[in-house]
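Pasting coords.pdb here (PDB, N, CA and C atoms):
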```
ATOM      1  N   MET Y   1      69.802  23.035 147.253
ATOM      2  CA  MET Y   1      68.857  23.586 146.318
ATOM      3  C   MET Y   1      68.540  22.489 145.295
ATOM      4  N   PRO Y   2      67.326  21.995 145.291
ATOM      5  CA  PRO Y   2      66.971  20.930 144.340
ATOM      6  C   PRO Y   2      67.212  21.381 142.910
ATOM      7  N   PRO Y   3      67.743  20.580 142.056
ATOM      8  CA  PRO Y   3      68.069  19.165 142.103
ATOM      9  C   PRO Y   3      69.531  18.882 142.428
ATOM     10  N   PHE Y   4      70.219  19.754 143.138
ATOM     11  CA  PHE Y   4      71.634  19.571 143.426
ATOM     12  C   PHE Y   4      71.841  18.734 144.684
ATOM     13  N   GLY Y   5      73.036  18.187 144.814
ATOM     14  CA  GLY Y   5      73.353  17.372 145.978
ATOM     15  C   GLY Y   5      72.539  16.100 145.999
ATOM     16  N   ARG Y   6      72.062  15.746 147.165
ATOM     17  CA  ARG Y   6      71.279  14.518 147.338
ATOM     18  C   ARG Y   6      69.777  14.767 147.320
ATOM     19  N   SER Y   7      69.375  15.943 146.914
ATOM     20  CA  SER Y   7      67.951  16.266 146.885
ATOM     21  C   SER Y   7      67.276  15.573 145.714
ATOM     22  N   GLU Y   8      65.974  15.461 145.821
ATOM     23  CA  GLU Y   8      65.191  14.841 144.758
ATOM     24  C   GLU Y   8      65.045  15.805 143.589
ATOM     25  N   THR Y   9      64.806  15.244 142.422
ATOM     26  CA  THR Y   9      64.578  16.049 141.236
ATOM     27  C   THR Y   9      63.206  16.696 141.314
ATOM     28  N   PRO Y  10      63.125  18.011 141.088
ATOM     29  CA  PRO Y  10      61.819  18.681 141.116
ATOM     30  C   PRO Y  10      60.927  18.176 139.980
ATOM     31  N   PRO Y  11      59.638  18.378 140.099
ATOM     32  CA  PRO Y  11      58.744  17.974 139.015
ATOM     33  C   PRO Y  11      59.093  18.718 137.720
ATOM     34  N   LYS Y  12      58.737  18.119 136.606
ATOM     35  CA  LYS Y  12      59.013  18.735 135.301
ATOM     36  C   LYS Y  12      58.313  20.081 135.198
ATOM     37  N   GLY Y  13      58.886  20.960 134.429
ATOM     38  CA  GLY Y  13      58.316  22.297 134.256
ATOM     39  C   GLY Y  13      59.389  23.337 134.457
ATOM     40  N   LYS Y  14      58.961  24.547 134.669
ATOM     41  CA  LYS Y  14      59.912  25.637 134.845
ATOM     42  C   LYS Y  14      60.502  25.604 136.244
ATOM     43  N   LEU Y  15      61.823  25.525 136.301
ATOM     44  CA  LEU Y  15      62.514  25.409 137.573
ATOM     45  C   LEU Y  15      62.294  26.641 138.445
ATOM     46  N   LEU Y  16      62.299  27.838 137.855
ATOM     47  CA  LEU Y  16      62.090  29.047 138.657
ATOM     48  C   LEU Y  16      60.703  29.083 139.269
ATOM     49  N   ASP Y  17      59.707  28.543 138.570
ATOM     50  CA  ASP Y  17      58.367  28.467 139.147
ATOM     51  C   ASP Y  17      58.354  27.515 140.342
ATOM     52  N   PHE Y  18      59.065  26.409 140.214
ATOM     53  CA  PHE Y  18      59.178  25.459 141.330
ATOM     54  C   PHE Y  18      59.814  26.131 142.539
ATOM     55  N   TYR Y  19      60.925  26.850 142.319
ATOM     56  CA  TYR Y  19      61.610  27.510 143.424
ATOM     57  C   TYR Y  19      60.733  28.584 144.058
ATOM     58  N   GLY Y  20      59.878  29.213 143.263
ATOM     59  CA  GLY Y  20      58.966  30.227 143.785
ATOM     60  C   GLY Y  20      58.017  29.667 144.834
ATOM     61  N   GLU Y  21      57.706  28.398 144.735
ATOM     62  CA  GLU Y  21      56.875  27.731 145.743
ATOM     63  C   GLU Y  21      57.731  27.046 146.806
ATOM     64  N   PHE Y  22      58.866  26.494 146.388
ATOM     65  CA  PHE Y  22      59.707  25.711 147.289
ATOM     66  C   PHE Y  22      60.291  26.551 148.426
ATOM     67  N   PHE Y  23      60.913  27.684 148.099
ATOM     68  CA  PHE Y  23      61.638  28.422 149.128
ATOM     69  C   PHE Y  23      60.759  29.068 150.188
ATOM     70  N   PRO Y  24      59.588  29.635 149.880
ATOM     71  CA  PRO Y  24      58.732  30.107 150.971
ATOM     72  C   PRO Y  24      58.319  28.957 151.908
ATOM     73  N   THR Y  25      58.040  27.794 151.347
ATOM     74  CA  THR Y  25      57.702  26.629 152.169
ATOM     75  C   THR Y  25      58.907  26.201 153.003
ATOM     76  N   PHE Y  26      60.086  26.233 152.402
ATOM     77  CA  PHE Y  26      61.325  25.897 153.108
ATOM     78  C   PHE Y  26      61.541  26.837 154.296
ATOM     79  N   LEU Y  27      61.333  28.143 154.085
ATOM     80  CA  LEU Y  27      61.472  29.102 155.179
ATOM     81  C   LEU Y  27      60.455  28.836 156.280
ATOM     82  N   ASP Y  28      59.238  28.441 155.901
ATOM     83  CA  ASP Y  28      58.220  28.068 156.891
ATOM     84  C   ASP Y  28      58.681  26.876 157.722
ATOM     85  N   GLU Y  29      59.224  25.868 157.047
ATOM     86  CA  GLU Y  29      59.686  24.660 157.741
ATOM     87  C   GLU Y  29      60.805  24.978 158.730
ATOM     88  N   LEU Y  30      61.645  25.939 158.372
ATOM     89  CA  LEU Y  30      62.735  26.347 159.262
ATOM     90  C   LEU Y  30      62.277  27.361 160.306
ATOM     91  N   GLU Y  31      61.006  27.763 160.220
ATOM     92  CA  GLU Y  31      60.416  28.742 161.121
ATOM     93  C   GLU Y  31      61.174  30.081 161.089
ATOM     94  N   LEU Y  32      61.523  30.504 159.871
ATOM     95  CA  LEU Y  32      62.209  31.781 159.682
ATOM     96  C   LEU Y  32      61.215  32.809 159.158
ATOM     97  N   ASP Y  33      60.964  33.823 159.974
ATOM     98  CA  ASP Y  33      60.072  34.892 159.544
ATOM     99  C   ASP Y  33      60.788  35.859 158.618
ATOM    100  N   GLN Y  34      62.073  36.106 158.915
ATOM    101  CA  GLN Y  34      62.911  36.959 158.087
ATOM    102  C   GLN Y  34      64.293  36.338 158.003
ATOM    103  N   THR Y  35      64.937  36.529 156.850
ATOM    104  CA  THR Y  35      66.260  35.947 156.675
ATOM    105  C   THR Y  35      67.059  36.744 155.661
ATOM    106  N   THR Y  36      68.343  36.465 155.607
ATOM    107  CA  THR Y  36      69.233  37.001 154.590
ATOM    108  C   THR Y  36      69.402  35.935 153.520
ATOM    109  N   VAL Y  37      69.320  36.332 152.274
ATOM    110  CA  VAL Y  37      69.468  35.398 151.164
ATOM    111  C   VAL Y  37      70.601  35.881 150.277
ATOM    112  N   ILE Y  38      71.507  34.968 149.945
ATOM    113  CA  ILE Y  38      72.607  35.268 149.042
ATOM    114  C   ILE Y  38      72.567  34.239 147.925
ATOM    115  N   GLY Y  39      72.639  34.689 146.685
ATOM    116  CA  GLY Y  39      72.594  33.774 145.562
ATOM    117  C   GLY Y  39      73.618  34.107 144.502
ATOM    118  N   HIS Y  40      74.160  33.052 143.899
ATOM    119  CA  HIS Y  40      75.134  33.192 142.819
ATOM    120  C   HIS Y  40      74.597  32.505 141.568
ATOM    121  N   SER Y  41      74.748  33.137 140.428
ATOM    122  CA  SER Y  41      74.334  32.589 139.137
ATOM    123  C   SER Y  41      72.842  32.248 139.170
ATOM    124  N   LEU Y  42      72.461  30.984 138.950
ATOM    125  CA  LEU Y  42      71.043  30.604 139.017
ATOM    126  C   LEU Y  42      70.477  30.936 140.394
ATOM    127  N   GLY Y  43      71.265  30.720 141.441
ATOM    128  CA  GLY Y  43      70.826  31.058 142.791
ATOM    129  C   GLY Y  43      70.535  32.532 142.955
ATOM    130  N   GLY Y  44      71.248  33.375 142.213
ATOM    131  CA  GLY Y  44      70.976  34.812 142.237
ATOM    132  C   GLY Y  44      69.625  35.141 141.641
ATOM    133  N   ALA Y  45      69.295  34.490 140.535
ATOM    134  CA  ALA Y  45      67.980  34.697 139.917
ATOM    135  C   ALA Y  45      66.876  34.215 140.850
ATOM    136  N   VAL Y  46      67.102  33.070 141.500
ATOM    137  CA  VAL Y  46      66.119  32.521 142.442
ATOM    138  C   VAL Y  46      65.975  33.450 143.639
ATOM    139  N   ALA Y  47      67.099  33.921 144.183
ATOM    140  CA  ALA Y  47      67.066  34.807 145.351
ATOM    141  C   ALA Y  47      66.347  36.113 145.039
ATOM    142  N   LEU Y  48      66.619  36.672 143.868
ATOM    143  CA  LEU Y  48      65.962  37.921 143.480
ATOM    144  C   LEU Y  48      64.458  37.721 143.351
ATOM    145  N   ARG Y  49      64.061  36.654 142.719
ATOM    146  CA  ARG Y  49      62.627  36.368 142.560
ATOM    147  C   ARG Y  49      61.972  36.140 143.925
ATOM    148  N   LEU Y  50      62.663  35.438 144.816
ATOM    149  CA  LEU Y  50      62.143  35.204 146.165
ATOM    150  C   LEU Y  50      61.973  36.528 146.902
ATOM    151  N   ALA Y  51      62.962  37.409 146.804
ATOM    152  CA  ALA Y  51      62.900  38.694 147.502
ATOM    153  C   ALA Y  51      61.784  39.585 146.974
ATOM    154  N   VAL Y  52      61.589  39.596 145.670
ATOM    155  CA  VAL Y  52      60.534  40.427 145.080
ATOM    156  C   VAL Y  52      59.157  39.916 145.485
ATOM    157  N   ALA Y  53      58.987  38.605 145.520
ATOM    158  CA  ALA Y  53      57.678  38.015 145.840
ATOM    159  C   ALA Y  53      57.413  37.951 147.342
ATOM    160  N   ASN Y  54      58.459  38.073 148.168
ATOM    161  CA  ASN Y  54      58.312  37.925 149.623
ATOM    162  C   ASN Y  54      59.076  39.026 150.343
ATOM    163  N   THR Y  55      58.769  40.268 150.028
ATOM    164  CA  THR Y  55      59.534  41.396 150.572
ATOM    165  C   THR Y  55      59.550  41.436 152.097
ATOM    166  N   ASP Y  56      58.505  40.945 152.728
ATOM    167  CA  ASP Y  56      58.436  40.970 154.188
ATOM    168  C   ASP Y  56      59.325  39.912 154.835
ATOM    169  N   ARG Y  57      59.762  38.915 154.091
ATOM    170  CA  ARG Y  57      60.535  37.807 154.657
ATOM    171  C   ARG Y  57      62.037  37.925 154.415
ATOM    172  N   ILE Y  58      62.438  38.790 153.496
ATOM    173  CA  ILE Y  58      63.849  38.905 153.152
ATOM    174  C   ILE Y  58      64.401  40.200 153.738
ATOM    175  N   ALA Y  59      65.258  40.055 154.761
ATOM    176  CA  ALA Y  59      65.830  41.219 155.433
ATOM    177  C   ALA Y  59      66.954  41.838 154.603
ATOM    178  N   ARG Y  60      67.791  40.990 154.009
ATOM    179  CA  ARG Y  60      68.914  41.442 153.196
ATOM    180  C   ARG Y  60      69.072  40.490 152.016
ATOM    181  N   LEU Y  61      69.556  41.035 150.909
ATOM    182  CA  LEU Y  61      69.716  40.250 149.691
ATOM    183  C   LEU Y  61      71.097  40.495 149.121
ATOM    184  N   GLY Y  62      71.819  39.407 148.853
ATOM    185  CA  GLY Y  62      73.129  39.502 148.213
ATOM    186  C   GLY Y  62      73.097  38.753 146.894
ATOM    187  N   LEU Y  63      73.484  39.431 145.819
ATOM    188  CA  LEU Y  63      73.503  38.814 144.493
ATOM    189  C   LEU Y  63      74.934  38.829 143.966
ATOM    190  N   VAL Y  64      75.414  37.660 143.556
ATOM    191  CA  VAL Y  64      76.757  37.521 143.011
ATOM    192  C   VAL Y  64      76.624  36.991 141.588
ATOM    193  N   ALA Y  65      76.852  37.845 140.606
ATOM    194  CA  ALA Y  65      76.736  37.480 139.195
ATOM    195  C   ALA Y  65      75.428  36.729 138.928
ATOM    196  N   PRO Y  66      74.283  37.347 139.240
ATOM    197  CA  PRO Y  66      73.008  36.646 139.079
ATOM    198  C   PRO Y  66      72.663  36.396 137.618
ATOM    199  N   ALA Y  67      72.113  35.238 137.357
ATOM    200  CA  ALA Y  67      71.659  34.905 136.005
ATOM    201  C   ALA Y  67      70.392  35.681 135.699
ATOM    202  N   GLY Y  68      70.197  35.977 134.425
ATOM    203  CA  GLY Y  68      68.946  36.575 133.992
ATOM    204  C   GLY Y  68      68.876  38.082 134.029
ATOM    205  N   LEU Y  69      69.945  38.751 134.420
ATOM    206  CA  LEU Y  69      69.943  40.212 134.421
ATOM    207  C   LEU Y  69      70.776  40.693 133.241
ATOM    208  N   GLY Y  70      70.182  41.466 132.396
ATOM    209  CA  GLY Y  70      70.882  41.965 131.216
ATOM    210  C   GLY Y  70      70.665  41.057 130.026
ATOM    211  N   ASN Y  71      71.115  41.520 128.869
ATOM    212  CA  ASN Y  71      70.900  40.741 127.658
ATOM    213  C   ASN Y  71      72.174  40.114 127.110
ATOM    214  N   ALA Y  72      73.290  40.290 127.817
ATOM    215  CA  ALA Y  72      74.549  39.689 127.391
ATOM    216  C   ALA Y  72      75.423  39.455 128.625
ATOM    217  N   PRO Y  73      76.346  38.510 128.538
ATOM    218  CA  PRO Y  73      77.247  38.302 129.667
ATOM    219  C   PRO Y  73      78.127  39.532 129.886
ATOM    220  N   PRO Y  74      78.593  39.750 131.109
ATOM    221  CA  PRO Y  74      79.479  40.886 131.359
ATOM    222  C   PRO Y  74      80.816  40.700 130.631
ATOM    223  N   TRP Y  75      81.568  41.776 130.454
ATOM    224  CA  TRP Y  75      82.836  41.735 129.723
ATOM    225  C   TRP Y  75      83.789  40.726 130.313
ATOM    226  N   TRP Y  76      83.809  40.618 131.669
ATOM    227  CA  TRP Y  76      84.778  39.728 132.305
ATOM    228  C   TRP Y  76      84.461  38.259 132.048
ATOM    229  N   TRP Y  77      83.192  37.934 131.723
ATOM    230  CA  TRP Y  77      82.858  36.539 131.412
ATOM    231  C   TRP Y  77      83.567  36.113 130.120
ATOM    232  N   ASN Y  78      83.559  37.004 129.133
ATOM    233  CA  ASN Y  78      84.265  36.709 127.889
ATOM    234  C   ASN Y  78      85.760  36.551 128.136
ATOM    235  N   ALA Y  79      86.309  37.378 129.012
ATOM    236  CA  ALA Y  79      87.734  37.270 129.319
ATOM    237  C   ALA Y  79      88.052  35.954 130.021
ATOM    238  N   LEU Y  80      87.208  35.560 130.973
ATOM    239  CA  LEU Y  80      87.444  34.305 131.701
ATOM    240  C   LEU Y  80      87.316  33.079 130.807
ATOM    241  N   THR Y  81      86.438  33.140 129.857
ATOM    242  CA  THR Y  81      86.221  31.986 128.996
ATOM    243  C   THR Y  81      87.049  32.057 127.717
ATOM    244  N   ALA Y  82      87.898  33.056 127.610
ATOM    245  CA  ALA Y  82      88.799  33.262 126.467
ATOM    246  C   ALA Y  82      88.032  33.486 125.163
ATOM    247  N   ARG Y  83      86.790  33.915 125.236
ATOM    248  CA  ARG Y  83      86.028  34.178 124.017
ATOM    249  C   ARG Y  83      86.635  35.318 123.222
ATOM    250  N   ALA Y  84      87.210  36.271 123.906
ATOM    251  CA  ALA Y  84      87.809  37.406 123.193
ATOM    252  C   ALA Y  84      88.927  36.939 122.278
ATOM    253  N   LEU Y  85      89.616  35.862 122.651
ATOM    254  CA  LEU Y  85      90.713  35.363 121.834
ATOM    255  C   LEU Y  85      90.223  34.637 120.580
ATOM    256  N   TRP Y  86      89.026  34.114 120.628
ATOM    257  CA  TRP Y  86      88.534  33.278 119.534
ATOM    258  C   TRP Y  86      87.599  34.012 118.593
ATOM    259  N   GLN Y  87      87.217  35.208 118.904
ATOM    260  CA  GLN Y  87      86.270  35.927 118.042
ATOM    261  C   GLN Y  87      86.948  36.939 117.175
TER     262      GLN Y  87
END
```

Could you write out this structure as structure tokens?
Amino acid sequence: MPPFGRSETPPKGKLLDFYGEFFPTFLDELELDQTTVIGHSLGGAVALRLAVANTDRIARLGLVAPAGLGNAPPWWWNALTARALWQ
């Protein structure tokens, strides 16, 4: 998933907008008419946006702690980061 690994850096601008164009093209290149998408954190936000915009291409969707849902981190995030101890 650009810009991770050895991939090139996407053009400047909103990364989610870039992914909105990138992943449908990526699925075309792989010749996938339908697929399962699983995303974690930022990948969850990208996967959700891809599924909403391309309902005919996403057979199943898995979201693991997706970014951008809700207005605060879940309770367990504070526990994992020890924020509860410092506040």

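For Leu61 in chain Y, the set of protein, DNA and RNA residues having any atom at most 6 Å away, when counting only C-alpha atoms and skipping those fewer than 5 positions along the same chain, is Thr36, Val37 and Ile38 of chain Y.
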
I need the residues from that last selection saved to file as a PDB file, in the frame of the given file (with N, CA and C atoms), if you can.
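This is the output file result_20.pdb:
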```pdb
ATOM      1  N   THR Y  36      68.343  36.465 155.607  1.00  0.00           N
ATOM      2  CA  THR Y  36      69.233  37.001 154.590  1.00  0.00           C
ATOM      3  C   THR Y  36      69.402  35.935 153.520  1.00  0.00           C
ATOM      4  N   VAL Y  37      69.320  36.332 152.274  1.00  0.00           N
ATOM      5  CA  VAL Y  37      69.468  35.398 151.164  1.00  0.00           C
ATOM      6  C   VAL Y  37      70.601  35.881 150.277  1.00  0.00           C
ATOM      7  N   ILE Y  38      71.507  34.968 149.945  1.00  0.00           N
ATOM      8  CA  ILE Y  38      72.607  35.268 149.042  1.00  0.00           C
ATOM      9  C   ILE Y  38      72.567  34.239 147.925  1.00  0.00           C
TER      10      ILE Y  38
END
```

Select, from Y:Leu27, Y:Arg6, Y:Gly62, Y:Lys12, the residue with the minimum atom-to-atom distance to Ala47 in chain Y, counting only N, CA and C atoms.
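Closest to Ala47 in chain Y of all the choices is Y:Gly62.
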
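In this structure, CA of Ala65 in chain Y sits 16.2 Å away from CA of Ala51 in chain Y.
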
With distances taken over only C-alpha atoms, which residue among Y:Ala45, Y:Leu63, Y:Ala72, Y:Leu50 lies nearest Phe26 in chain Y?
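Looking at the shortest contact to Phe26 in chain Y, the residue is Y:Leu50.
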
Pick out each residue of chain Y that DSSP on the backbone tags as strand (DSSP E or B); I need them as a count of residues only.
16

Using the chain letters and numbers from this file, what does the PyMOL selection byres ((chain Y and resi 57) around 8) select? Give the answer as an mmCIF file with N, CA and C atoms, in the frame of the given file.
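Full text of out_17.cif as output:
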```
data_model
loop_
_atom_site.group_PDB
_atom_site.id
_atom_site.type_symbol
_atom_site.label_atom_id
_atom_site.label_comp_id
_atom_site.auth_asym_id
_atom_site.auth_seq_id
_atom_site.Cartn_x
_atom_site.Cartn_y
_atom_site.Cartn_z
ATOM 1 N N LEU Y 32 61.523 30.504 159.871
ATOM 2 C CA LEU Y 32 62.209 31.781 159.682
ATOM 3 C C LEU Y 32 61.215 32.809 159.158
ATOM 4 N N ASP Y 33 60.964 33.823 159.974
ATOM 5 C CA ASP Y 33 60.072 34.892 159.544
ATOM 6 C C ASP Y 33 60.788 35.859 158.618
ATOM 7 N N GLN Y 34 62.073 36.106 158.915
ATOM 8 C CA GLN Y 34 62.911 36.959 158.087
ATOM 9 C C GLN Y 34 64.293 36.338 158.003
ATOM 10 N N THR Y 35 64.937 36.529 156.850
ATOM 11 C CA THR Y 35 66.260 35.947 156.675
ATOM 12 C C THR Y 35 67.059 36.744 155.661
ATOM 13 N N THR Y 36 68.343 36.465 155.607
ATOM 14 C CA THR Y 36 69.233 37.001 154.590
ATOM 15 C C THR Y 36 69.402 35.935 153.520
ATOM 16 N N VAL Y 37 69.320 36.332 152.274
ATOM 17 C CA VAL Y 37 69.468 35.398 151.164
ATOM 18 C C VAL Y 37 70.601 35.881 150.277
ATOM 19 N N LEU Y 50 62.663 35.438 144.816
ATOM 20 C CA LEU Y 50 62.143 35.204 146.165
ATOM 21 C C LEU Y 50 61.973 36.528 146.902
ATOM 22 N N ALA Y 51 62.962 37.409 146.804
ATOM 23 C CA ALA Y 51 62.900 38.694 147.502
ATOM 24 C C ALA Y 51 61.784 39.585 146.974
ATOM 25 N N ALA Y 53 58.987 38.605 145.520
ATOM 26 C CA ALA Y 53 57.678 38.015 145.840
ATOM 27 C C ALA Y 53 57.413 37.951 147.342
ATOM 28 N N ASN Y 54 58.459 38.073 148.168
ATOM 29 C CA ASN Y 54 58.312 37.925 149.623
ATOM 30 C C ASN Y 54 59.076 39.026 150.343
ATOM 31 N N THR Y 55 58.769 40.268 150.028
ATOM 32 C CA THR Y 55 59.534 41.396 150.572
ATOM 33 C C THR Y 55 59.550 41.436 152.097
ATOM 34 N N ASP Y 56 58.505 40.945 152.728
ATOM 35 C CA ASP Y 56 58.436 40.970 154.188
ATOM 36 C C ASP Y 56 59.325 39.912 154.835
ATOM 37 N N ILE Y 58 62.438 38.790 153.496
ATOM 38 C CA ILE Y 58 63.849 38.905 153.152
ATOM 39 C C ILE Y 58 64.401 40.200 153.738
ATOM 40 N N ALA Y 59 65.258 40.055 154.761
ATOM 41 C CA ALA Y 59 65.830 41.219 155.433
ATOM 42 C C ALA Y 59 66.954 41.838 154.603
ATOM 43 N N ARG Y 60 67.791 40.990 154.009
ATOM 44 C CA ARG Y 60 68.914 41.442 153.196
ATOM 45 C C ARG Y 60 69.072 40.490 152.016
#
```

Between atom N of Gly70 in chain Y and CA of Pro2 in chain Y lies a distance of 24.0 Å

Here atom C of Pro24 in chain Y and atom C of Met1 in chain Y stand apart by 13.8 Å

Anything within 9 Å of (62.4, 33.6, 135.9): list those residues as a PyMOL selection string, counting only C-alpha atoms and sticking to the file's coordinates.
chain Y and resi 14-17+45-46+49+68

Rank nothing, just name the residue among Y:Pro66, Y:His40, Y:Val52, Y:Gly5 nearest to Gly20 in chain Y, using only C-alpha atoms.
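Between Y:Pro66, Y:His40, Y:Val52, Y:Gly5, the residue approaching Gly20 in chain Y most closely is Y:Val52.
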
Mind listing the helix (DSSP H, G or I) residues of chain Y, per DSSP on the backbone, as a PyMOL selection string?
chain Y and resi 15-29+42-53+75-80+83-86

Restricting to only C-alpha atoms, whichever of Y:Thr9, Y:Phe22, Y:Ala67, Y:Phe4 is closest to Ser41 in chain Y is Y:Ala67

Produce range 17-38 of chain Y of the given structure as output with N, CA and C atoms, as an mmCIF file, in the first residue's frame.
```
data_model
loop_
_atom_site.group_PDB
_atom_site.id
_atom_site.type_symbol
_atom_site.label_atom_id
_atom_site.label_comp_id
_atom_site.auth_asym_id
_atom_site.auth_seq_id
_atom_site.Cartn_x
_atom_site.Cartn_y
_atom_site.Cartn_z
ATOM 1 N N ASP Y 17 -7.942 10.222 -0.875
ATOM 2 C CA ASP Y 17 -8.387 10.484 -2.241
ATOM 3 C C ASP Y 17 -7.528 9.710 -3.240
ATOM 4 N N PHE Y 18 -6.234 9.662 -2.982
ATOM 5 C CA PHE Y 18 -5.328 8.885 -3.839
ATOM 6 C C PHE Y 18 -5.726 7.415 -3.841
ATOM 7 N N TYR Y 19 -5.968 6.851 -2.648
ATOM 8 C CA TYR Y 19 -6.334 5.443 -2.557
ATOM 9 C C TYR Y 19 -7.670 5.173 -3.241
ATOM 10 N N GLY Y 20 -8.564 6.152 -3.230
ATOM 11 C CA GLY Y 20 -9.855 6.004 -3.895
ATOM 12 C C GLY Y 20 -9.712 5.770 -5.391
ATOM 13 N N GLU Y 21 -8.654 6.280 -5.973
ATOM 14 C CA GLU Y 21 -8.366 6.039 -7.391
ATOM 15 C C GLU Y 21 -7.423 4.852 -7.573
ATOM 16 N N PHE Y 22 -6.477 4.700 -6.652
ATOM 17 C CA PHE Y 22 -5.447 3.673 -6.785
ATOM 18 C C PHE Y 22 -6.019 2.256 -6.731
ATOM 19 N N PHE Y 23 -6.827 1.956 -5.714
ATOM 20 C CA PHE Y 23 -7.250 0.572 -5.523
ATOM 21 C C PHE Y 23 -8.196 0.042 -6.591
ATOM 22 N N PRO Y 24 -9.159 0.805 -7.116
ATOM 23 C CA PRO Y 24 -9.937 0.274 -8.239
ATOM 24 C C PRO Y 24 -9.042 -0.033 -9.454
ATOM 25 N N THR Y 25 -8.064 0.816 -9.712
ATOM 26 C CA THR Y 25 -7.125 0.565 -10.810
ATOM 27 C C THR Y 25 -6.285 -0.675 -10.516
ATOM 28 N N PHE Y 26 -5.860 -0.822 -9.271
ATOM 29 C CA PHE Y 26 -5.089 -1.995 -8.849
ATOM 30 C C PHE Y 26 -5.894 -3.277 -9.070
ATOM 31 N N LEU Y 27 -7.179 -3.263 -8.690
ATOM 32 C CA LEU Y 27 -8.029 -4.431 -8.910
ATOM 33 C C LEU Y 27 -8.184 -4.732 -10.394
ATOM 34 N N ASP Y 28 -8.273 -3.687 -11.219
ATOM 35 C CA ASP Y 28 -8.328 -3.874 -12.675
ATOM 36 C C ASP Y 28 -7.063 -4.555 -13.183
ATOM 37 N N GLU Y 29 -5.915 -4.085 -12.706
ATOM 38 C CA GLU Y 29 -4.632 -4.652 -13.140
ATOM 39 C C GLU Y 29 -4.517 -6.126 -12.763
ATOM 40 N N LEU Y 30 -5.082 -6.483 -11.618
ATOM 41 C CA LEU Y 30 -5.060 -7.880 -11.179
ATOM 42 C C LEU Y 30 -6.187 -8.699 -11.802
ATOM 43 N N GLU Y 31 -7.039 -8.029 -12.583
ATOM 44 C CA GLU Y 31 -8.182 -8.653 -13.235
ATOM 45 C C GLU Y 31 -9.133 -9.310 -12.220
ATOM 46 N N LEU Y 32 -9.375 -8.588 -11.122
ATOM 47 C CA LEU Y 32 -10.294 -9.065 -10.091
ATOM 48 C C LEU Y 32 -11.614 -8.316 -10.213
ATOM 49 N N ASP Y 33 -12.659 -9.058 -10.549
ATOM 50 C CA ASP Y 33 -13.980 -8.450 -10.635
ATOM 51 C C ASP Y 33 -14.590 -8.276 -9.255
ATOM 52 N N GLN Y 34 -14.337 -9.259 -8.378
ATOM 53 C CA GLN Y 34 -14.797 -9.207 -6.999
ATOM 54 C C GLN Y 34 -13.697 -9.751 -6.107
ATOM 55 N N THR Y 35 -13.614 -9.193 -4.897
ATOM 56 C CA THR Y 35 -12.572 -9.639 -3.984
ATOM 57 C C THR Y 35 -12.992 -9.402 -2.545
ATOM 58 N N THR Y 36 -12.246 -9.989 -1.635
ATOM 59 C CA THR Y 36 -12.390 -9.745 -0.208
ATOM 60 C C THR Y 36 -11.325 -8.740 0.196
ATOM 61 N N VAL Y 37 -11.706 -7.758 0.976
ATOM 62 C CA VAL Y 37 -10.769 -6.736 1.428
ATOM 63 C C VAL Y 37 -10.774 -6.717 2.946
ATOM 64 N N ILE Y 38 -9.582 -6.743 3.530
ATOM 65 C CA ILE Y 38 -9.429 -6.656 4.974
ATOM 66 C C ILE Y 38 -8.476 -5.508 5.258
#
```
